[in-house]
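Q: To be precise about what I am sending: the file is called target_7.txt and holds compact mmCIF, C-alpha atoms and all ligand atoms.
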```
# COMPACT_ATOMS: atom_id res chain seq x y z
CA MET A 1 -58.92 -23.52 107.19
CA LEU A 2 -58.11 -24.77 110.67
CA MET A 3 -55.41 -22.60 112.23
CA ILE A 4 -56.27 -23.71 115.75
CA PRO A 5 -54.14 -25.92 117.97
CA GLY A 6 -56.40 -28.90 117.49
CA PRO A 7 -58.17 -30.40 115.80
CA THR A 8 -55.47 -29.65 113.24
CA PRO A 9 -55.80 -30.08 109.46
CA VAL A 10 -55.93 -33.67 108.22
CA PRO A 11 -54.13 -34.58 104.97
CA GLU A 12 -56.31 -35.97 102.20
CA GLN A 13 -54.43 -39.28 102.14
CA VAL A 14 -55.16 -39.71 105.84
CA LEU A 15 -58.86 -38.94 105.30
CA LEU A 16 -58.97 -41.42 102.44
CA ALA A 17 -57.26 -44.07 104.55
CA MET A 18 -60.16 -43.79 107.00
CA ALA A 19 -62.84 -44.09 104.32
CA LYS A 20 -62.99 -47.86 104.53
CA HIS A 21 -65.14 -50.44 106.24
CA PRO A 22 -63.74 -51.32 109.68
CA ILE A 23 -62.11 -54.73 110.03
CA GLY A 24 -62.33 -57.02 113.05
CA HIS A 25 -59.98 -55.82 115.74
CA ARG A 26 -59.00 -59.40 116.65
CA SER A 27 -58.03 -60.21 113.06
CA GLY A 28 -54.54 -60.85 111.75
CA ASP A 29 -54.91 -57.84 109.45
CA PHE A 30 -55.56 -55.56 112.39
CA SER A 31 -52.63 -57.03 114.33
CA LYS A 32 -50.36 -56.09 111.45
CA ILE A 33 -51.55 -52.49 111.62
CA MET A 34 -51.14 -52.50 115.40
CA GLU A 35 -47.57 -53.76 115.09
CA GLU A 36 -46.67 -51.19 112.46
CA VAL A 37 -48.16 -48.19 114.24
CA THR A 38 -46.64 -49.22 117.57
CA ASN A 39 -43.18 -49.38 116.01
CA ASN A 40 -43.69 -46.05 114.30
CA LEU A 41 -44.94 -44.44 117.50
CA LYS A 42 -41.68 -45.51 119.16
CA TRP A 43 -39.83 -43.88 116.29
CA LEU A 44 -41.82 -40.66 116.75
CA HIS A 45 -41.15 -40.67 120.50
CA GLN A 46 -37.46 -41.58 119.94
CA THR A 47 -37.85 -44.38 122.47
CA GLN A 48 -37.59 -48.08 123.15
CA ASN A 49 -40.22 -47.70 125.89
CA ASP A 50 -43.79 -48.88 125.48
CA VAL A 51 -46.05 -46.43 123.68
CA LEU A 52 -49.66 -47.37 124.38
CA ILE A 53 -52.71 -46.30 122.42
CA LEU A 54 -55.96 -45.35 124.14
CA THR A 55 -59.38 -44.48 122.80
CA ALA A 56 -59.45 -41.10 124.50
CA SER A 57 -58.68 -37.45 123.92
CA GLY A 58 -55.43 -36.01 125.25
CA THR A 59 -56.93 -35.51 128.70
CA GLY A 60 -57.62 -39.25 128.91
CA ALA A 61 -53.92 -39.86 128.24
CA MET A 62 -53.07 -37.32 130.98
CA GLU A 63 -55.40 -39.02 133.46
CA ALA A 64 -53.91 -42.43 132.59
CA GLY A 65 -50.48 -40.88 133.16
CA ILE A 66 -51.42 -40.09 136.75
CA ILE A 67 -53.62 -42.94 137.94
CA ASN A 68 -51.31 -45.75 136.82
CA PHE A 69 -48.23 -44.61 138.66
CA LEU A 70 -49.34 -42.89 141.87
CA SER A 71 -51.27 -43.53 145.06
CA ALA A 72 -53.66 -41.37 147.09
CA GLY A 73 -51.77 -38.92 149.28
CA ASP A 74 -48.62 -38.99 147.15
CA ARG A 75 -46.89 -35.63 146.97
CA VAL A 76 -46.45 -34.28 143.44
CA LEU A 77 -45.01 -31.06 142.02
CA VAL A 78 -47.18 -29.65 139.25
CA GLY A 79 -46.15 -26.83 136.92
CA ASP A 80 -49.01 -24.44 136.14
CA ASN A 81 -48.57 -21.57 133.70
CA GLY A 82 -51.75 -21.96 131.71
CA LYS A 83 -54.94 -23.88 131.12
CA PHE A 84 -53.27 -27.26 130.64
CA GLY A 85 -50.91 -27.00 133.59
CA GLU A 86 -53.98 -26.09 135.61
CA ARG A 87 -55.67 -29.21 134.25
CA TRP A 88 -52.82 -31.41 135.48
CA ALA A 89 -53.32 -29.99 138.97
CA LEU A 90 -57.09 -30.58 138.76
CA VAL A 91 -56.66 -34.21 137.69
CA ALA A 92 -54.10 -34.81 140.44
CA LYS A 93 -56.40 -33.24 143.06
CA ALA A 94 -59.41 -35.21 141.81
CA TYR A 95 -57.49 -38.37 142.72
CA GLY A 96 -56.49 -37.19 146.15
CA LEU A 97 -52.84 -36.44 145.48
CA GLN A 98 -51.04 -33.87 147.59
CA VAL A 99 -50.43 -31.22 144.97
CA ASP A 100 -47.68 -28.66 145.30
CA VAL A 101 -48.13 -26.16 142.47
CA ILE A 102 -45.26 -24.23 140.93
CA SER A 103 -46.86 -21.52 138.89
CA ALA A 104 -45.82 -18.78 136.52
CA GLU A 105 -47.87 -15.98 135.08
CA TRP A 106 -49.79 -17.04 131.96
CA GLY A 107 -47.57 -16.09 129.01
CA LYS A 108 -44.32 -16.74 130.91
CA PRO A 109 -42.42 -20.04 131.08
CA LEU A 110 -42.08 -22.04 134.29
CA ASP A 111 -38.86 -21.25 136.15
CA PRO A 112 -36.72 -24.43 136.33
CA GLU A 113 -34.94 -23.01 139.39
CA GLU A 114 -38.14 -23.26 141.41
CA PHE A 115 -38.28 -26.96 140.60
CA ARG A 116 -34.61 -27.35 141.51
CA ALA A 117 -35.14 -25.69 144.88
CA LYS A 118 -38.15 -27.84 145.83
CA LEU A 119 -36.50 -31.03 144.62
CA GLU A 120 -33.21 -30.34 146.41
CA ALA A 121 -35.07 -29.53 149.63
CA ASP A 122 -36.86 -32.87 149.46
CA THR A 123 -34.17 -34.94 151.19
CA GLU A 124 -36.80 -37.42 152.41
CA LYS A 125 -37.72 -38.17 148.78
CA ALA A 126 -41.41 -37.55 149.41
CA ILE A 127 -42.01 -36.07 145.95
CA LYS A 128 -43.24 -38.94 143.81
CA ALA A 129 -43.64 -37.09 140.52
CA VAL A 130 -43.02 -33.83 138.75
CA ILE A 131 -45.83 -33.15 136.32
CA ILE A 132 -45.63 -30.47 133.63
CA THR A 133 -46.92 -29.35 130.27
CA HIS A 134 -44.19 -29.03 127.65
CA SER A 135 -45.95 -26.76 125.15
CA GLU A 136 -48.63 -24.76 127.02
CA THR A 137 -51.21 -24.41 124.28
CA SER A 138 -53.31 -21.80 126.07
CA THR A 139 -50.50 -19.23 125.97
CA GLY A 140 -48.09 -20.40 123.25
CA VAL A 141 -45.28 -20.92 125.76
CA LEU A 142 -42.76 -23.77 125.51
CA ASN A 143 -41.58 -24.78 128.96
CA ASP A 144 -37.96 -25.83 129.47
CA LEU A 145 -38.67 -29.52 129.95
CA GLU A 146 -35.04 -30.51 129.38
CA THR A 147 -33.73 -28.39 132.29
CA ILE A 148 -36.60 -29.17 134.67
CA ASN A 149 -36.11 -32.85 133.92
CA LYS A 150 -32.39 -32.63 134.80
CA TYR A 151 -33.40 -31.57 138.31
CA VAL A 152 -35.89 -34.42 138.46
CA LYS A 153 -33.11 -36.82 137.50
CA ALA A 154 -30.84 -35.33 140.20
CA HIS A 155 -33.63 -35.98 142.74
CA GLY A 156 -33.55 -39.61 141.65
CA GLU A 157 -36.86 -40.74 143.08
CA ALA A 158 -39.57 -38.68 141.38
CA LEU A 159 -41.03 -39.61 138.01
CA ILE A 160 -41.25 -36.99 135.30
CA ILE A 161 -44.76 -36.99 133.83
CA VAL A 162 -45.25 -34.70 130.88
CA ASP A 163 -47.97 -33.46 128.56
CA THR A 164 -46.40 -33.27 125.11
CA VAL A 165 -49.73 -32.86 123.33
CA THR A 166 -48.58 -29.85 121.30
CA SER A 167 -44.83 -30.50 121.26
CA LEU A 168 -44.63 -34.09 120.05
CA GLY A 169 -44.38 -34.10 116.27
CA ALA A 170 -43.45 -30.42 116.28
CA SER A 171 -40.25 -30.08 118.28
CA ASN A 172 -37.64 -32.41 119.68
CA VAL A 173 -38.92 -34.67 122.48
CA PRO A 174 -36.21 -37.35 122.75
CA VAL A 175 -37.93 -39.58 125.32
CA ASP A 176 -35.01 -41.97 125.90
CA GLU A 177 -32.20 -39.42 125.72
CA TRP A 178 -33.93 -37.23 128.30
CA GLY A 179 -35.29 -40.16 130.31
CA LEU A 180 -38.93 -39.06 130.30
CA ASP A 181 -41.02 -41.48 132.33
CA VAL A 182 -44.60 -40.82 131.25
CA VAL A 183 -45.35 -38.92 128.06
CA ALA A 184 -48.95 -38.11 127.10
CA SER A 185 -50.21 -36.92 123.72
CA GLY A 186 -53.34 -36.90 121.57
CA SER A 187 -54.20 -37.59 117.95
CA GLN A 188 -55.78 -34.30 116.89
CA LYS A 189 -52.59 -32.26 117.38
CA GLY A 190 -49.18 -33.05 115.86
CA TYR A 191 -50.35 -36.43 114.58
CA MET A 192 -52.46 -34.92 111.74
CA ILE A 193 -55.40 -37.22 112.39
CA PRO A 194 -58.87 -36.55 113.81
CA PRO A 195 -59.58 -36.51 117.56
CA GLY A 196 -60.09 -39.81 119.37
CA LEU A 197 -56.74 -41.40 120.18
CA GLY A 198 -54.55 -40.76 123.20
CA PHE A 199 -50.98 -41.99 123.55
CA VAL A 200 -48.89 -42.69 126.64
CA ALA A 201 -45.22 -43.62 126.56
CA VAL A 202 -44.09 -45.42 129.73
CA SER A 203 -40.51 -45.95 130.96
CA PRO A 204 -39.28 -49.01 132.92
CA LYS A 205 -39.02 -46.77 136.00
CA ALA A 206 -42.68 -45.81 135.63
CA TRP A 207 -43.66 -49.49 135.26
CA LYS A 208 -41.89 -50.14 138.54
CA ALA A 209 -44.04 -47.45 140.16
CA TYR A 210 -47.10 -49.03 138.52
CA GLU A 211 -46.55 -52.16 140.57
CA THR A 212 -47.20 -50.36 143.84
CA ALA A 213 -49.59 -47.62 142.67
CA THR A 214 -53.00 -47.93 144.25
CA LEU A 215 -55.20 -45.29 142.59
CA PRO A 216 -58.35 -46.90 141.14
CA LYS A 217 -58.35 -47.67 137.44
CA PHE A 218 -60.06 -49.90 134.99
CA TYR A 219 -60.53 -48.66 131.42
CA LEU A 220 -57.33 -46.65 131.64
CA ASP A 221 -55.31 -49.38 133.36
CA LEU A 222 -52.17 -49.25 131.22
CA GLY A 223 -51.03 -52.69 132.37
CA LYS A 224 -53.86 -54.15 130.29
CA TYR A 225 -52.73 -52.20 127.22
CA LYS A 226 -49.11 -53.27 127.67
CA LYS A 227 -50.04 -56.91 128.00
CA ASP A 228 -52.19 -56.86 124.88
CA ALA A 229 -49.78 -54.70 122.89
CA ALA A 230 -47.22 -57.50 123.29
CA LYS A 231 -49.63 -59.60 121.17
CA ASN A 232 -50.35 -56.67 118.83
CA SER A 233 -53.79 -56.41 120.30
CA ASN A 234 -55.96 -54.18 122.49
CA PRO A 235 -57.91 -54.85 125.67
CA PHE A 236 -61.03 -53.09 124.35
CA THR A 237 -62.42 -52.37 120.88
CA PRO A 238 -60.12 -49.76 119.34
CA PRO A 239 -61.44 -47.14 116.86
CA VAL A 240 -60.32 -49.19 113.86
CA ASN A 241 -60.70 -46.40 111.31
CA LEU A 242 -58.59 -44.05 113.37
CA PHE A 243 -55.90 -46.71 113.27
CA TYR A 244 -56.02 -46.58 109.47
CA ALA A 245 -55.53 -42.82 109.81
CA LEU A 246 -52.70 -43.23 112.31
CA GLN A 247 -50.96 -45.72 110.03
CA ALA A 248 -51.12 -43.31 107.08
CA ALA A 249 -50.10 -40.25 109.10
CA LEU A 250 -47.10 -41.95 110.71
CA ASN A 251 -45.94 -43.09 107.29
CA MET A 252 -46.15 -39.50 106.06
CA MET A 253 -44.14 -38.37 109.08
CA LYS A 254 -41.50 -41.02 108.47
CA ALA A 255 -41.21 -39.96 104.85
CA GLU A 256 -40.66 -36.36 105.95
CA GLY A 257 -38.23 -37.29 108.74
CA LEU A 258 -38.07 -35.99 112.30
CA GLU A 259 -35.44 -33.33 111.61
CA ASN A 260 -37.45 -31.93 108.72
CA ILE A 261 -40.65 -31.93 110.77
CA PHE A 262 -38.96 -30.00 113.57
CA ALA A 263 -37.33 -27.59 111.11
CA ARG A 264 -40.67 -26.95 109.39
CA HIS A 265 -42.40 -26.12 112.68
CA GLN A 266 -39.50 -23.90 113.64
CA ARG A 267 -39.82 -22.07 110.33
CA LEU A 268 -43.60 -21.69 110.64
CA THR A 269 -43.19 -20.34 114.15
CA GLN A 270 -40.48 -17.87 113.18
CA ALA A 271 -42.42 -16.66 110.14
CA THR A 272 -45.62 -16.19 112.14
CA ARG A 273 -43.84 -14.33 114.92
CA ALA A 274 -41.91 -12.11 112.46
CA ALA A 275 -45.16 -11.28 110.65
CA VAL A 276 -47.04 -10.42 113.83
CA LYS A 277 -44.18 -8.19 114.99
CA ALA A 278 -44.08 -6.46 111.60
CA MET A 279 -47.80 -5.72 111.96
CA GLY A 280 -47.05 -3.96 115.22
CA LEU A 281 -48.95 -6.45 117.35
CA PRO A 282 -47.40 -7.66 120.61
CA LEU A 283 -46.68 -11.36 121.03
CA PHE A 284 -47.88 -13.01 124.22
CA ALA A 285 -44.95 -15.45 124.69
CA PRO A 286 -41.29 -14.41 124.72
CA ASP A 287 -39.03 -15.32 121.78
CA ASP A 288 -36.93 -17.71 123.86
CA ALA A 289 -39.96 -19.71 125.03
CA ALA A 290 -42.07 -19.81 121.88
CA SER A 291 -44.23 -22.88 121.34
CA PRO A 292 -43.62 -24.67 118.02
CA ALA A 293 -47.37 -25.20 117.70
CA ILE A 294 -49.12 -21.98 118.51
CA THR A 295 -48.51 -18.25 118.49
CA ALA A 296 -50.60 -16.11 120.82
CA VAL A 297 -51.11 -12.47 119.83
CA ILE A 298 -52.29 -9.49 121.88
CA PRO A 299 -54.20 -7.32 119.40
CA ASP A 300 -54.05 -4.39 121.79
CA ARG A 301 -55.90 -1.86 119.64
CA VAL A 302 -58.56 -4.18 118.26
CA ASP A 303 -60.81 -6.73 119.92
CA ALA A 304 -59.44 -10.27 119.67
CA GLU A 305 -62.90 -11.79 119.22
CA GLN A 306 -63.66 -9.35 116.40
CA VAL A 307 -60.43 -10.36 114.67
CA ARG A 308 -61.46 -14.01 114.93
CA SER A 309 -64.94 -13.25 113.67
CA VAL A 310 -63.75 -11.42 110.51
CA MET A 311 -61.06 -14.03 109.89
CA LYS A 312 -63.72 -16.72 109.93
CA LYS A 313 -66.52 -14.95 108.09
CA ARG A 314 -64.59 -13.26 105.33
CA TYR A 315 -61.54 -15.46 104.97
CA ASP A 316 -62.68 -18.86 106.26
CA VAL A 317 -59.66 -19.04 108.57
CA LEU A 318 -60.39 -20.34 112.05
CA LEU A 319 -58.16 -18.93 114.80
CA ALA A 320 -58.37 -19.84 118.47
CA GLY A 321 -59.38 -17.34 121.12
CA GLY A 322 -58.05 -16.76 124.60
CA GLN A 323 -59.17 -19.04 127.40
CA ASP A 324 -60.51 -17.93 130.79
CA HIS A 325 -59.23 -14.45 131.73
CA LEU A 326 -57.53 -14.14 128.32
CA LYS A 327 -60.81 -14.34 126.39
CA GLY A 328 -61.07 -11.25 124.17
CA LYS A 329 -57.49 -10.28 125.04
CA ILE A 330 -55.52 -12.64 122.83
CA PHE A 331 -56.06 -14.74 119.75
CA ARG A 332 -53.97 -17.75 118.86
CA ILE A 333 -52.66 -18.88 115.49
CA GLY A 334 -52.13 -22.63 115.30
CA HIS A 335 -49.32 -23.91 113.11
CA LEU A 336 -49.20 -27.53 114.18
CA GLY A 337 -49.16 -30.70 112.13
CA PHE A 338 -50.20 -30.60 108.49
CA VAL A 339 -49.29 -26.94 107.94
CA CYS A 340 -46.99 -25.54 105.27
CA ASP A 341 -45.37 -22.19 104.42
CA ARG A 342 -48.24 -21.31 102.09
CA ASP A 343 -50.75 -21.72 104.92
CA ILE A 344 -48.89 -19.15 106.99
CA LEU A 345 -48.74 -16.67 104.10
CA SER A 346 -52.50 -17.15 103.59
CA ALA A 347 -53.33 -16.71 107.26
CA ILE A 348 -51.08 -13.68 107.64
CA GLY A 349 -52.52 -12.11 104.45
CA ALA A 350 -56.03 -12.70 105.77
CA LEU A 351 -55.03 -11.20 109.11
CA GLU A 352 -53.75 -8.07 107.39
CA GLY A 353 -57.04 -7.79 105.51
CA THR A 354 -58.93 -8.27 108.77
CA LEU A 355 -56.95 -5.58 110.56
CA GLN A 356 -57.63 -3.13 107.73
CA GLU A 357 -61.32 -3.93 107.89
CA LEU A 358 -61.31 -3.28 111.63
CA GLY A 359 -59.63 0.10 111.10
CA TYR A 360 -56.32 -0.85 112.68
CA GLU A 361 -53.68 1.63 111.60
CA GLY A 362 -50.64 0.28 113.38
CA ALA A 363 -49.00 -1.35 110.37
CA VAL A 364 -48.02 -0.79 106.77
CA PRO A 365 -50.33 -3.06 104.73
CA GLY A 366 -48.34 -6.03 103.48
CA ALA A 367 -45.65 -5.75 106.13
CA GLY A 368 -46.73 -9.02 107.76
CA VAL A 369 -46.67 -11.08 104.59
CA ALA A 370 -43.33 -9.51 103.63
CA ALA A 371 -41.82 -10.43 107.01
CA ALA A 372 -43.07 -14.01 106.82
CA ALA A 373 -41.84 -14.37 103.24
CA LYS A 374 -38.43 -13.12 104.32
CA VAL A 375 -38.17 -15.85 106.96
CA PHE A 376 -39.12 -18.45 104.34
CA ALA A 377 -36.62 -17.04 101.84
CA ASN A 378 -33.81 -17.31 104.39
CA SER A 379 -34.57 -20.78 105.74
C1 LIG B 401 -55.26 -30.24 123.38
C2 LIG B 401 -54.42 -30.39 124.57
C3 LIG B 401 -54.67 -31.38 125.54
C4 LIG B 401 -55.76 -32.39 125.43
O1 LIG B 401 -57.01 -31.89 125.31
P1 LIG B 401 -58.19 -32.85 124.85
O2 LIG B 401 -59.29 -31.90 124.53
O3 LIG B 401 -58.51 -33.74 125.98
O4 LIG B 401 -57.67 -33.61 123.67
C5 LIG B 401 -53.82 -31.50 126.60
N1 LIG B 401 -52.76 -30.67 126.73
C6 LIG B 401 -52.48 -29.74 125.84
C7 LIG B 401 -51.26 -28.89 126.04
C8 LIG B 401 -53.29 -29.55 124.72
O5 LIG B 401 -52.99 -28.62 123.81
```
In structure tokens, what does this structure look like?
A:
Amino acid sequence: MLMIPGPTPVPEQVLLAMAKHPIGHRSGDFSKIMEEVTNNLKWLHQTQNDVLILTASGTGAMEAGIINFLSAGDRVLVGDNGKFGERWALVAKAYGLQVDVISAEWGKPLDPEEFRAKLEADTEKAIKAVIITHSETSTGVLNDLETINKYVKAHGEALIIVDTVTSLGASNVPVDEWGLDVVASGSQKGYMIPPGLGFVAVSPKAWKAYETATLPKFYLDLGKYKKDAAKNSNPFTPPVNLFYALQAALNMMKAEGLENIFARHQRLTQATRAAVKAMGLPLFAPDDAASPAITAVIPDRVDAEQVRSVMKKRYDVLLAGGQDHLKGKIFRIGHLGFVCDRDILSAIGALEGTLQELGYEGAVPGAGVAAAAKVFANS
């Protein structure tokens, strides 16, 4: 049972959709799939902008989001409050951008005021992009993209480039309403399909920047993907079977509806957090900045890696560990994508069993499941 923030569980009908012989990617049949999934991706992103599909993991989509719209030496503001914010800064530096990092302690959200101050001070309009992670998967923190983006809009010049890998398909990311310029995501997270596809939504303003951007690019040159997408085609051989999966998964999402998808993730998050609190374990992220995809827990009186080990061996539930300096200090419960109320009750029940086995005495047995069930009963 995958309770990690990616790869996430894949529904049986999506797995079955993939279990077919590939078809030619220049065929009319494939073009029909390409047209359908492109339209449905726009629906998911709540946008009229282009949404392009890459054969890449989420990091490939992030890299494409930088190299297509910027030039060496460009000044960018990067938000870093975890592993993925840090990755943005590393990609930007690898391409010779002038990176100004706004950081927050891991486990805390980025402070929008710091972005406001730097953007307001930039009267020369030297800042070409503000680059942030919406849901910081390494810590379970949801950054306030909406507010930070308002300051980017007030600046007028800078693009907003955002990693929505664990927020898209889990919480509201209205690309057009907010005016998000470049939005990167990946298939093995909220999309409910296996790893292998990256997605980048691109605004008209970003395409304007593309025209003058000089960073080197070839495979990830989004202009090629846009041109071919207009003919329902791809510049390079796409992973045809993953497109079958994408087609099936997007149809499932449409049947559920965006509001229901967001409400379900909200419910799963609230139930998980209530359960963890009832077990007497501290949560790593504050209530008002909780990721819809992942809940990080500080098992202060037991070892996080031991918790994960018992969860896996005895209960067959895979949790994620802490990354870098958080290894052994936190564990993370993924509740992203194809996850239902029952999955949370199972995982929380298994966690209570695990804590008993490890001799943890901080909680009344059953308190976690009871707290989660109460959230479900009231929502
Ligand atoms: C998973 C993830 C990525 C992408 O990682 P890949 O391993 O390249 O797919 C990027 N950002 C966030 C926030 C993620 O959770």
Q: Find the residue from A:Ser31, A:Asn49, A:Ser103, A:Thr139 that sits nearest to ligand LIG 401 (chain B); use only C-alpha atoms and all ligand atoms when measuring.
A: A:Thr139
Q: Determine the nearest neighbour of Arg301 in chain A from the options A:Glu361, A:Glu113, A:Glu157, A:Asp343, counting all atoms listed in the file.
A: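 Looking only at the distances to Arg301 in chain A, the closest residue turns out to be A:Glu361.
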Q: Have a look at A:Phe30, A:Phe69, A:Trp106, A:Phe84 and name the one nearest to ligand LIG 401 (chain B); count all atoms listed in the file.
A: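 Of all the options, A:Phe84 lies closest to ligand LIG 401 (chain B).
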Q: As a quick test: using all atoms listed in the file, which residues lie no more than 9 Å away from ligand LIG 401 (chain B)? Give them as number ranges by chain.
A: A: 5-7, 56-62, 82-85, 87-88, 133-138, 163-167, 184-189, 195-198, 293
Q: Give me, please, the distance in Å between CA of Thr123 in chain A and CA of Glu105 in chain A, quoted to one decimal.
A: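 Separating CA of Thr123 in chain A from CA of Glu105 in chain A is a distance of 28.4 Å.
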